[in-house]
Structure formats: structure tokens, C-alpha cells
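Student: Data: protein22.cif, mmCIF, C-alpha atoms.
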```cif
data_model
#
loop_
_atom_site.group_PDB
_atom_site.id
_atom_site.type_symbol
_atom_site.label_atom_id
_atom_site.label_comp_id
_atom_site.auth_asym_id
_atom_site.auth_seq_id
_atom_site.Cartn_x
_atom_site.Cartn_y
_atom_site.Cartn_z
ATOM 1 C CA MET A 6 2.183 13.179 15.309
ATOM 2 C CA ALA A 7 5.830 12.224 14.932
ATOM 3 C CA ARG A 8 8.661 14.353 16.245
ATOM 4 C CA LEU A 9 11.364 14.514 13.584
ATOM 5 C CA ALA A 10 14.718 16.248 13.402
ATOM 6 C CA ILE A 11 17.130 17.178 10.643
ATOM 7 C CA PHE A 12 20.733 17.154 11.783
ATOM 8 C CA THR A 13 22.716 19.668 9.803
ATOM 9 C CA GLU A 14 25.882 21.757 9.966
ATOM 10 C CA ARG A 15 26.450 25.418 9.168
ATOM 11 C CA TYR A 16 28.278 24.585 5.927
ATOM 12 C CA THR A 17 25.216 22.698 4.641
ATOM 13 C CA ILE A 18 23.188 25.867 4.262
ATOM 14 C CA ARG A 19 25.656 28.036 2.387
ATOM 15 C CA LYS A 20 23.581 27.968 -0.805
ATOM 16 C CA SER A 21 19.975 29.015 -1.301
ATOM 17 C CA VAL A 22 19.052 25.692 -2.967
ATOM 18 C CA GLU A 23 20.144 23.856 0.185
ATOM 19 C CA LEU A 24 18.349 26.195 2.567
ATOM 20 C CA THR A 25 15.176 26.077 0.481
ATOM 21 C CA ALA A 26 15.274 22.283 0.416
ATOM 22 C CA LEU A 27 15.512 22.179 4.219
ATOM 23 C CA SER A 28 12.530 24.523 4.398
ATOM 24 C CA ASN A 29 10.641 22.213 2.032
ATOM 25 C CA PHE A 30 11.204 19.271 4.358
ATOM 26 C CA ARG A 31 9.867 21.270 7.272
ATOM 27 C CA LEU A 32 6.816 22.396 5.280
ATOM 28 C CA ALA A 33 6.115 18.821 4.171
ATOM 29 C CA ALA A 34 6.286 17.631 7.789
ATOM 30 C CA HIS A 35 3.890 20.385 8.892
ATOM 31 C CA GLU A 36 1.402 19.511 6.136
ATOM 32 C CA LEU A 37 1.496 15.855 7.213
ATOM 33 C CA GLY A 38 0.852 16.784 10.826
ATOM 34 C CA HIS A 39 4.346 16.155 12.143
ATOM 35 C CA GLN A 40 6.859 18.321 13.988
ATOM 36 C CA LEU A 41 10.278 18.852 12.454
ATOM 37 C CA ASP A 42 13.174 20.638 14.132
ATOM 38 C CA PHE A 43 16.694 21.426 12.989
ATOM 39 C CA ILE A 44 19.455 20.348 15.355
ATOM 40 C CA PHE A 45 23.162 21.104 15.226
ATOM 41 C CA ARG A 46 26.300 19.566 16.673
ATOM 42 C CA ASN A 47 25.829 21.080 20.133
ATOM 43 C CA GLU A 48 22.319 19.579 20.271
ATOM 44 C CA ILE A 49 23.189 15.939 19.585
ATOM 45 C CA CYS A 50 22.187 15.177 23.170
ATOM 46 C CA LEU A 51 18.560 15.894 22.180
ATOM 47 C CA ILE A 52 18.301 12.932 19.778
ATOM 48 C CA ASP A 53 16.362 10.880 22.322
ATOM 49 C CA GLN A 54 13.470 13.359 22.047
ATOM 50 C CA TYR A 55 12.780 12.497 18.396
ATOM 51 C CA ASP A 56 11.179 9.606 16.542
ATOM 52 C CA GLY A 57 13.207 9.994 13.358
ATOM 53 C CA ILE A 58 16.465 11.681 12.379
ATOM 54 C CA PHE A 59 17.451 12.867 8.886
ATOM 55 C CA ILE A 60 21.112 13.757 8.368
ATOM 56 C CA ARG A 61 21.766 16.645 5.988
ATOM 57 C CA ALA A 62 25.493 17.065 6.571
ATOM 58 C CA LEU A 63 28.566 15.333 5.188
ATOM 59 C CA THR A 64 28.524 11.693 6.212
ATOM 60 C CA ASP A 65 31.737 9.943 7.136
ATOM 61 C CA PRO A 66 32.646 7.525 9.935
ATOM 62 C CA LEU A 67 34.979 10.256 11.255
ATOM 63 C CA ASN A 68 32.373 13.056 11.228
ATOM 64 C CA ALA A 69 29.862 14.181 13.836
ATOM 65 C CA SER A 70 27.133 12.859 11.550
ATOM 66 C CA PHE A 71 28.274 9.312 12.302
ATOM 67 C CA VAL A 72 27.894 9.943 16.029
ATOM 68 C CA VAL A 73 24.329 11.061 15.270
ATOM 69 C CA THR A 74 23.437 7.994 13.227
ATOM 70 C CA ARG A 75 24.969 5.545 15.714
ATOM 71 C CA LEU A 76 23.175 7.176 18.651
ATOM 72 C CA ALA A 77 19.908 7.181 16.735
ATOM 73 C CA GLN A 78 20.319 3.521 15.832
ATOM 74 C CA MET A 79 21.193 2.542 19.406
ATOM 75 C CA LYS A 80 18.075 4.310 20.659
ATOM 76 C CA GLY A 81 15.855 2.583 18.101
ATOM 77 C CA LYS A 82 15.141 5.682 16.016
ATOM 78 C CA ARG A 83 14.452 5.640 12.302
ATOM 79 C CA VAL A 84 17.499 7.338 10.769
ATOM 80 C CA ILE A 85 18.709 8.405 7.323
ATOM 81 C CA ASP A 86 21.524 7.649 6.691
ATOM 82 C CA ASP A 87 21.946 4.471 8.680
ATOM 83 C CA PRO A 88 25.440 3.566 9.944
ATOM 84 C CA SER A 89 25.855 0.593 7.600
ATOM 85 C CA SER A 90 25.083 2.656 4.496
ATOM 86 C CA ILE A 91 27.565 5.309 5.571
ATOM 87 C CA ARG A 92 30.327 2.770 6.205
ATOM 88 C CA ILE A 93 29.794 1.103 2.837
ATOM 89 C CA CYS A 94 29.322 4.178 0.656
ATOM 90 C CA CYS A 95 32.141 6.171 2.251
ATOM 91 C CA ASP A 96 34.605 3.433 1.241
ATOM 92 C CA LYS A 97 34.489 2.921 -2.518
ATOM 93 C CA VAL A 98 36.346 -0.381 -2.296
ATOM 94 C CA ASN A 99 33.661 -1.672 0.045
ATOM 95 C CA MET A 100 30.888 -0.192 -2.092
ATOM 96 C CA TYR A 101 32.142 -1.715 -5.354
ATOM 97 C CA ALA A 102 32.685 -5.052 -3.601
ATOM 98 C CA HIS A 103 29.004 -5.073 -2.644
ATOM 99 C CA LEU A 104 28.001 -4.289 -6.236
ATOM 100 C CA MET A 105 30.280 -7.008 -7.600
ATOM 101 C CA ARG A 106 28.878 -9.522 -5.120
ATOM 102 C CA ASP A 107 25.371 -8.925 -6.501
ATOM 103 C CA ASN A 108 26.526 -8.897 -10.144
ATOM 104 C CA ILE A 109 25.548 -5.259 -10.675
ATOM 105 C CA PRO A 110 26.904 -3.961 -14.020
ATOM 106 C CA ILE A 111 29.772 -1.546 -13.356
ATOM 107 C CA PRO A 112 32.778 -0.324 -15.381
ATOM 108 C CA ALA A 113 35.676 -2.798 -15.310
ATOM 109 C CA THR A 114 37.211 -2.227 -11.871
ATOM 110 C CA VAL A 115 40.310 -3.342 -9.972
ATOM 111 C CA PHE A 116 41.733 -2.454 -6.570
ATOM 112 C CA LEU A 117 45.445 -1.830 -6.086
ATOM 113 C CA LYS A 118 47.573 -1.709 -2.944
ATOM 114 C CA SER A 119 50.566 0.589 -2.618
ATOM 115 C CA HIS A 120 53.152 -1.884 -3.905
ATOM 116 C CA GLU A 121 50.968 -2.570 -6.955
ATOM 117 C CA VAL A 122 50.888 1.040 -8.162
ATOM 118 C CA THR A 123 53.755 0.695 -10.621
ATOM 119 C CA ALA A 124 54.471 1.726 -14.182
ATOM 120 C CA GLU A 125 54.488 -1.924 -15.217
ATOM 121 C CA ASN A 126 50.987 -2.511 -13.810
ATOM 122 C CA ALA A 127 49.853 0.754 -15.355
ATOM 123 C CA ARG A 128 50.908 -0.351 -18.825
ATOM 124 C CA GLU A 129 49.182 -3.706 -18.327
ATOM 125 C CA LEU A 130 45.957 -2.028 -17.205
ATOM 126 C CA PHE A 131 46.055 0.407 -20.128
ATOM 127 C CA GLU A 132 46.342 -2.634 -22.370
ATOM 128 C CA THR A 133 43.392 -4.480 -20.818
ATOM 129 C CA LEU A 134 41.037 -1.665 -19.738
ATOM 130 C CA GLY A 135 41.926 1.030 -22.270
ATOM 131 C CA VAL A 136 43.272 4.560 -22.207
ATOM 132 C CA PRO A 137 42.623 6.687 -20.234
ATOM 133 C CA LEU A 138 41.916 5.102 -16.859
ATOM 134 C CA VAL A 139 40.035 6.592 -13.913
ATOM 135 C CA LEU A 140 41.708 6.513 -10.498
ATOM 136 C CA LYS A 141 39.722 7.033 -7.305
ATOM 137 C CA ALA A 142 40.644 7.314 -3.669
ATOM 138 C CA PRO A 143 38.263 5.099 -1.653
ATOM 139 C CA ASN A 144 37.130 7.892 0.664
ATOM 140 C CA SER A 145 36.537 10.598 -1.934
ATOM 141 C CA SER A 146 33.290 12.539 -2.448
ATOM 142 C CA PHE A 147 31.898 15.216 -4.779
ATOM 143 C CA SER A 148 34.331 14.090 -7.512
ATOM 144 C CA ALA A 149 37.333 15.057 -5.372
ATOM 145 C CA TYR A 150 40.289 12.627 -5.500
ATOM 146 C CA VAL A 151 38.992 11.239 -8.777
ATOM 147 C CA ASP A 152 41.371 11.711 -11.707
ATOM 148 C CA LYS A 153 41.806 10.536 -15.281
ATOM 149 C CA VAL A 154 45.274 9.356 -16.357
ATOM 150 C CA SER A 155 46.675 8.456 -19.763
ATOM 151 C CA THR A 156 50.325 7.653 -19.091
ATOM 152 C CA ALA A 157 52.157 5.268 -16.782
ATOM 153 C CA GLU A 158 53.945 8.236 -15.214
ATOM 154 C CA ASP A 159 50.664 9.990 -14.325
ATOM 155 C CA PHE A 160 49.183 6.689 -13.158
ATOM 156 C CA VAL A 161 51.951 6.256 -10.580
ATOM 157 C CA LYS A 162 51.985 9.938 -9.593
ATOM 158 C CA VAL A 163 48.236 10.196 -9.020
ATOM 159 C CA GLY A 164 48.017 6.734 -7.485
ATOM 160 C CA LYS A 165 50.713 7.474 -4.912
ATOM 161 C CA ARG A 166 49.026 10.791 -4.066
ATOM 162 C CA PHE A 167 45.710 9.048 -3.451
ATOM 163 C CA LEU A 168 47.431 6.388 -1.346
ATOM 164 C CA ARG A 169 48.288 9.061 1.195
ATOM 165 C CA ARG A 170 44.589 8.870 2.127
ATOM 166 C CA ALA A 171 44.083 5.100 2.033
ATOM 167 C CA ASP A 172 45.766 1.713 1.721
ATOM 168 C CA ARG A 173 44.161 0.936 -1.667
ATOM 169 C CA ILE A 174 42.956 2.804 -4.713
ATOM 170 C CA VAL A 175 40.245 2.061 -7.258
ATOM 171 C CA VAL A 176 41.164 1.800 -10.936
ATOM 172 C CA GLN A 177 38.310 1.832 -13.449
ATOM 173 C CA GLN A 178 37.642 1.671 -17.135
ATOM 174 C CA TYR A 179 36.821 5.137 -18.503
ATOM 175 C CA MET A 180 33.336 5.439 -19.993
ATOM 176 C CA PRO A 181 32.924 8.795 -21.752
ATOM 177 C CA SER A 182 29.425 10.302 -21.737
ATOM 178 C CA ASP A 183 27.748 13.693 -21.961
ATOM 179 C CA PHE A 184 25.695 13.017 -18.841
ATOM 180 C CA ASP A 185 25.206 10.664 -15.913
ATOM 181 C CA TRP A 186 21.850 9.402 -14.757
ATOM 182 C CA ARG A 187 21.104 10.085 -11.091
ATOM 183 C CA VAL A 188 18.362 7.927 -9.581
ATOM 184 C CA ILE A 189 17.453 8.642 -5.951
ATOM 185 C CA THR A 190 16.011 5.667 -4.077
ATOM 186 C CA LEU A 191 14.728 4.985 -0.577
ATOM 187 C CA ASP A 192 13.704 1.652 0.916
ATOM 188 C CA GLY A 193 13.533 0.016 -2.508
ATOM 189 C CA LYS A 194 11.499 2.764 -4.174
ATOM 190 C CA VAL A 195 12.487 5.422 -6.706
ATOM 191 C CA LEU A 196 12.042 8.988 -5.430
ATOM 192 C CA ALA A 197 13.548 11.062 -8.233
ATOM 193 C CA ILE A 198 15.318 10.805 -11.581
ATOM 194 C CA ALA A 199 17.672 13.375 -13.059
ATOM 195 C CA LYS A 200 20.353 13.839 -15.654
ATOM 196 C CA TYR A 201 23.665 15.325 -14.531
ATOM 197 C CA VAL A 202 24.791 16.969 -17.766
ATOM 198 C CA MET A 203 28.511 17.773 -18.065
ATOM 199 C CA THR A 204 29.345 21.313 -19.128
ATOM 200 C CA GLY A 205 32.073 22.389 -21.530
ATOM 201 C CA ASP A 206 35.051 20.019 -21.488
ATOM 202 C CA CYS A 207 34.196 18.644 -18.039
ATOM 203 C CA TRP A 208 34.018 14.875 -17.588
ATOM 204 C CA LYS A 209 32.940 14.881 -13.919
ATOM 205 C CA ILE A 210 29.813 16.302 -12.302
ATOM 206 C CA GLN A 211 32.009 18.723 -10.377
ATOM 207 C CA GLU A 212 35.564 19.843 -11.173
ATOM 208 C CA LYS A 213 37.825 22.861 -11.153
ATOM 209 C CA ASN A 214 38.760 24.776 -14.296
ATOM 210 C CA ALA A 215 42.182 26.244 -15.116
ATOM 211 C CA GLU A 216 41.440 29.276 -12.917
ATOM 212 C CA GLY A 217 40.600 27.082 -9.945
ATOM 213 C CA LYS A 218 36.873 27.837 -10.102
ATOM 214 C CA THR A 219 34.526 24.930 -9.401
ATOM 215 C CA ILE A 220 32.326 24.044 -12.373
ATOM 216 C CA TYR A 221 29.106 22.187 -11.667
ATOM 217 C CA CYS A 222 27.088 20.036 -14.043
ATOM 218 C CA ASP A 223 23.594 21.039 -15.110
ATOM 219 C CA VAL A 224 20.797 19.128 -13.400
ATOM 220 C CA LEU A 225 17.736 18.200 -15.457
ATOM 221 C CA GLY A 226 14.777 16.495 -13.800
ATOM 222 C CA VAL A 227 13.244 13.600 -15.740
ATOM 223 C CA LYS A 228 9.820 12.023 -15.325
ATOM 224 C CA LYS A 229 9.514 8.282 -14.776
ATOM 225 C CA LYS A 230 7.465 7.810 -17.957
ATOM 226 C CA ASP A 231 10.344 9.186 -20.011
ATOM 227 C CA VAL A 232 13.020 6.705 -18.911
ATOM 228 C CA ASP A 233 13.818 3.123 -19.798
ATOM 229 C CA PRO A 234 12.469 0.787 -17.066
ATOM 230 C CA ARG A 235 15.803 -1.057 -17.254
ATOM 231 C CA LEU A 236 17.528 2.057 -15.921
ATOM 232 C CA LEU A 237 15.341 2.057 -12.833
ATOM 233 C CA GLN A 238 15.780 -1.674 -12.327
ATOM 234 C CA VAL A 239 19.567 -1.319 -12.401
ATOM 235 C CA ALA A 240 19.321 1.528 -9.881
ATOM 236 C CA LEU A 241 17.076 -0.468 -7.546
ATOM 237 C CA ASP A 242 19.289 -3.554 -7.822
ATOM 238 C CA ALA A 243 22.353 -1.443 -6.980
ATOM 239 C CA SER A 244 20.553 0.125 -4.028
ATOM 240 C CA ARG A 245 19.552 -3.281 -2.647
ATOM 241 C CA ALA A 246 23.178 -4.398 -2.887
ATOM 242 C CA ILE A 247 24.019 -1.661 -0.351
ATOM 243 C CA GLY A 248 20.971 -1.659 1.924
ATOM 244 C CA ALA A 249 17.539 -0.075 2.297
ATOM 245 C CA GLY A 250 18.557 3.539 2.866
ATOM 246 C CA LEU A 251 18.457 6.752 0.870
ATOM 247 C CA TYR A 252 20.838 6.521 -2.087
ATOM 248 C CA GLY A 253 21.817 8.484 -5.166
ATOM 249 C CA VAL A 254 22.769 5.972 -7.832
ATOM 250 C CA ASP A 255 24.980 7.343 -10.622
ATOM 251 C CA ILE A 256 24.642 5.403 -13.873
ATOM 252 C CA LYS A 257 26.308 5.624 -17.283
ATOM 253 C CA GLU A 258 24.325 4.765 -20.399
ATOM 254 C CA VAL A 259 26.605 3.331 -23.088
ATOM 255 C CA ASP A 260 25.309 1.718 -26.289
ATOM 256 C CA GLY A 261 21.922 1.098 -24.698
ATOM 257 C CA GLU A 262 23.360 -0.571 -21.607
ATOM 258 C CA TYR A 263 23.508 0.782 -18.054
ATOM 259 C CA TYR A 264 26.551 0.734 -15.761
ATOM 260 C CA VAL A 265 26.566 1.857 -12.142
ATOM 261 C CA VAL A 266 29.375 4.312 -11.525
ATOM 262 C CA GLU A 267 28.668 4.831 -7.826
ATOM 263 C CA VAL A 268 26.060 4.477 -5.127
ATOM 264 C CA ASN A 269 26.113 7.523 -2.851
ATOM 265 C CA ASP A 270 24.626 7.800 0.599
ATOM 266 C CA ASN A 271 23.397 11.275 1.615
ATOM 267 C CA PRO A 272 22.561 12.270 -1.988
ATOM 268 C CA ASN A 273 22.001 15.890 -2.949
ATOM 269 C CA ILE A 274 18.371 16.985 -2.804
ATOM 270 C CA ASP A 275 18.536 20.655 -3.732
ATOM 271 C CA ALA A 276 15.478 22.794 -4.382
ATOM 272 C CA GLY A 277 14.906 23.319 -8.097
ATOM 273 C CA LEU A 278 17.448 20.657 -9.064
ATOM 274 C CA GLU A 279 16.992 17.016 -8.047
ATOM 275 C CA ASP A 280 13.339 17.706 -7.168
ATOM 276 C CA GLN A 281 12.413 19.211 -10.559
ATOM 277 C CA ALA A 282 10.330 16.244 -11.715
ATOM 278 C CA SER A 283 9.625 14.880 -8.217
ATOM 279 C CA PRO A 284 8.270 17.639 -5.954
ATOM 280 C CA GLU A 285 6.807 14.966 -3.650
ATOM 281 C CA ILE A 286 10.283 13.783 -2.640
ATOM 282 C CA TYR A 287 10.154 15.891 0.536
ATOM 283 C CA ARG A 288 6.826 14.389 1.587
ATOM 284 C CA TRP A 289 7.969 10.813 0.884
ATOM 285 C CA ILE A 290 11.120 11.141 2.986
ATOM 286 C CA VAL A 291 9.153 12.665 5.868
ATOM 287 C CA GLN A 292 6.623 9.821 5.665
ATOM 288 C CA TYR A 293 9.431 7.263 5.812
ATOM 289 C CA LEU A 294 10.968 8.946 8.861
ATOM 290 C CA ALA A 295 7.557 9.023 10.545
ATOM 291 C CA GLY A 296 7.088 5.293 9.926
ATOM 292 C CA GLU A 297 4.308 5.838 7.382
ATOM 293 C CA LYS A 298 3.882 4.213 3.992
ATOM 294 C CA PHE A 299 4.968 6.272 1.001
ATOM 295 C CA GLU A 300 4.432 5.806 -2.716
ATOM 296 C CA GLY A 301 7.541 6.858 -4.594
ATOM 297 C CA LEU A 302 7.434 7.215 -8.371
#
```
Translate the structure described by the file into C-alpha cells.
Tutor:
Amino acid sequence: MARLAIFTERYTIRKSVELTALSNFRLAAHELGHQLDFIFRNEICLIDQYDGIFIRALTDPLNASFVVTRLAQMKGKRVIDDPSSIRICCDKVNMYAHLMRDNIPIPATVFLKSHEVTAENARELFETLGVPLVLKAPNSSFSAYVDKVSTAEDFVKVGKRFLRRADRIVVQQYMPSDFDWRVITLDGKVLAIAKYVMTGDCWKIQEKNAEGKTIYCDVLGVKKKDVDPRLLQVALDASRAIGAGLYGVDIKEVDGEYYVVEVNDNPNIDAGLEDQASPEIYRWIVQYLAGEKFEGL
């Protein structure tokens, strides 16, 4: 029997889909003969009592979750997410650099420093990459600090705003689509496949409407037999470029080709959403944490 723990924060269980997913992990552990506890920030000192740690809270090198993963790693525990994955995925410049190094297909991408965010450079990039362009702050998540710009004036305005959070920004070719593929992988295996379908006039998986209300995409689970094997290969190649952890790979399909938009650590696994076509995802993650072999899709 393995002793496992899920580190979480109060904000992680604000929605029923999140709470139910956590319960599913605990049930899966029980059915496999393992113990699984939930620990919070004031219980980080208990990490040494567990064989494996699963982080279900926002990951960032400045968050408590990073203290958890570093302590777990130092003590030789199996941990999701590992410190390296967090450092890479929480810095989009670093993440895209890893993808470029391994020749992973991505939208045309450049990185700009503060002095390079000018109207002149904007016009040149519009000429070479097209209109509009997508600007991203390196340390953004959940589609925050990701904007679409169509004029040199907006390019400079948004770019300078994002540079308050970092010393570089990401500029990318815009690839319009009605949905993004989300492929969840762990240790080189596919755990789940879904479509994130944009709603209304939205172009991101999560954005605010004119009234300030957050609009979420629809999540549709997809079975492995119903997807192009090339999609899964691109997702696995992108995952390997980052590491061997748990990743949510976002992919655009354009004219029959696949382009990796992002590789996310700590991907959403919400009950009734990402698990729709992969109910075994809870069991597979528990098996990995317990040091057991798992199948994947």
C-alpha cells in the first residue's frame, strides 16, 4: 500500500467539478489499495510521511505549490508536477524555446524585449506574420494576459502593459479556429483527449465578455479511435520536449496540420469534462504516483 497525498488550496475546490474530481482520485486510490489524504498549506511539513504527492493548486515558482514540489523532490518522493516542469511551463518563453529546440510545430513565434516593442517593429511583424497578432505575457495562465492586436498602437499599448510583469513578451501568428485540441499526457502516455470548443465570438478558451463575466469554452471528450494518430504524436513529441510529467497540450488543427499552442503543467482534470472519454484517468495517475505501471489510452 502506498501513502499518497494531494496538495490543494481552498480556491481549488470552489466548483463542484473540481471537488468531484478530487473525490474521484481518492476513490481510485482506495480501489487500488492505497491511502490518499488531502493536505493544505499548513500541513506541508507532513510531506515526508507520503510516498507520492499530487499538486492540485496553481503552480508557479512563487507559490506554495513550488515549495511542496521542491521538498518532495529533495526527499525522493514521486511528485506531479515536478519542479522542472513548473519552471518551464510557467515561463512561456522558456516553454516555446524547448519546443523550438525539438522542432515541434508551433505558430510563428518571436520574443521581444522592452526596447523592441515599438510601432515600427509592430508594422514589420504585421507584414511578416499577418494581422492580427497574439501577444502573451510569459507568466500568464488561463488565457489571462493573452491579447489579440490589429494595430501598431494596440501592439505597443498591450505589449508595454504585459512588460510590467516580465522582461520579454511572446508575439505569435494568429491561427483562427473553432476549437483547440487538448491532449493530456503523463510519462509519455496519453491519458485523455478533448476538444475545447469556443463559444459565441470568443477566440480563447476563457475570456471575459463586455459585462465582465467570464465565458468558458465547452469541453467535449473524444475517444482515441476517433482522432488522427498524428495529433497524438505531436502531443507526445511536445510533452517529451518539456519532460516526463503531467501535461495538457493545446493544439490547433489548420488545413490538416497540427500546431502546438502551449504545453501546460497542472492541466485541468474536472469531473464530467476532461474525463468524459477517459474515466480511467484518475486510476492511471494514482498508479503513477504509487510507482505502478499504468496503461494510458
Student: Smallest atom-to-atom distance to Ile18 (chain A): which of A:Phe59, A:Val254, A:Phe43, A:Arg169, using only C-alpha atoms?
Tutor: A:Phe43
Student: Just say which residues the PyMOL selection byres ((chain A and resi 44-50) around 6) picks in this file, as a PyMOL selection string.
Tutor: chain A and resi 12-14+43+51-52
Student: How many Å separate CA of Gly277 (chain A) from CA of Thr204 (chain A)?
Tutor: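 Pair CA of Gly277 (chain A) / CA of Thr204 (chain A) returns 18.3 Å.
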Student: Once the PyMOL selection byres ((chain A and resi 179) around 7) has been applied to the shown file, what residues remain in the selection, as JSON, numbers by chain?
Tutor: {"A": [137, 138, 139, 177, 178, 180, 181]}
Student: Could you expand the PyMOL selection byres ((chain A and resi 185) around 7) into the explicit residues it covers here, written as a PyMOL selection string?
Tutor: chain A and resi 184+186-187+200-202+255-257
Student: Got a sec: who's within 8 Å of region 117-130 of chain A, counting all atoms listed in the file, leaving out chain neighbours fewer than 4 positions off, as a count of residues only?
Tutor: 15
Student: What lies within 9 Å of Ala171 (chain A) using all atoms listed in the file, ignoring chain neighbours under 6 positions off, as a PyMOL selection string?
Tutor: chain A and resi 142-144
Student: Compare A:Val115, A:Val84, A:Ala197, A:Val151 by their minimum atom-to-atom distance to Leu9 (chain A), counting only C-alpha atoms, and give me the closest one.
Tutor: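 Nearest to Leu9 (chain A): A:Val84.
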Student: Might you pull out every residue within 7 Å of region 26-29 of chain A, with all atoms listed in the file counted and same-chain residues fewer than 6 positions away left off, and present them as a PyMOL selection string?
Tutor: chain A and resi 274-276+287
Student: Under the rule that all atoms listed in the file are counted, which of A:Asp192, A:Asp223, A:Pro272, A:Ile11 is the nearest residue to Phe299 (chain A)?
Tutor: A:Asp192
Student: Work out how far apart CA of Asn271 (chain A) and CA of Met6 (chain A) are and give it in Å to one decimal.
Tutor: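 Computed distance, CA of Asn271 (chain A) to CA of Met6 (chain A), equals 25.3 Å.
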Student: Tell me, in Å to one decimal, how far CA of Ile85 (chain A) is from CA of Lys230 (chain A).
Tutor: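 Rounded to one decimal, the two atoms are 27.7 Å apart.
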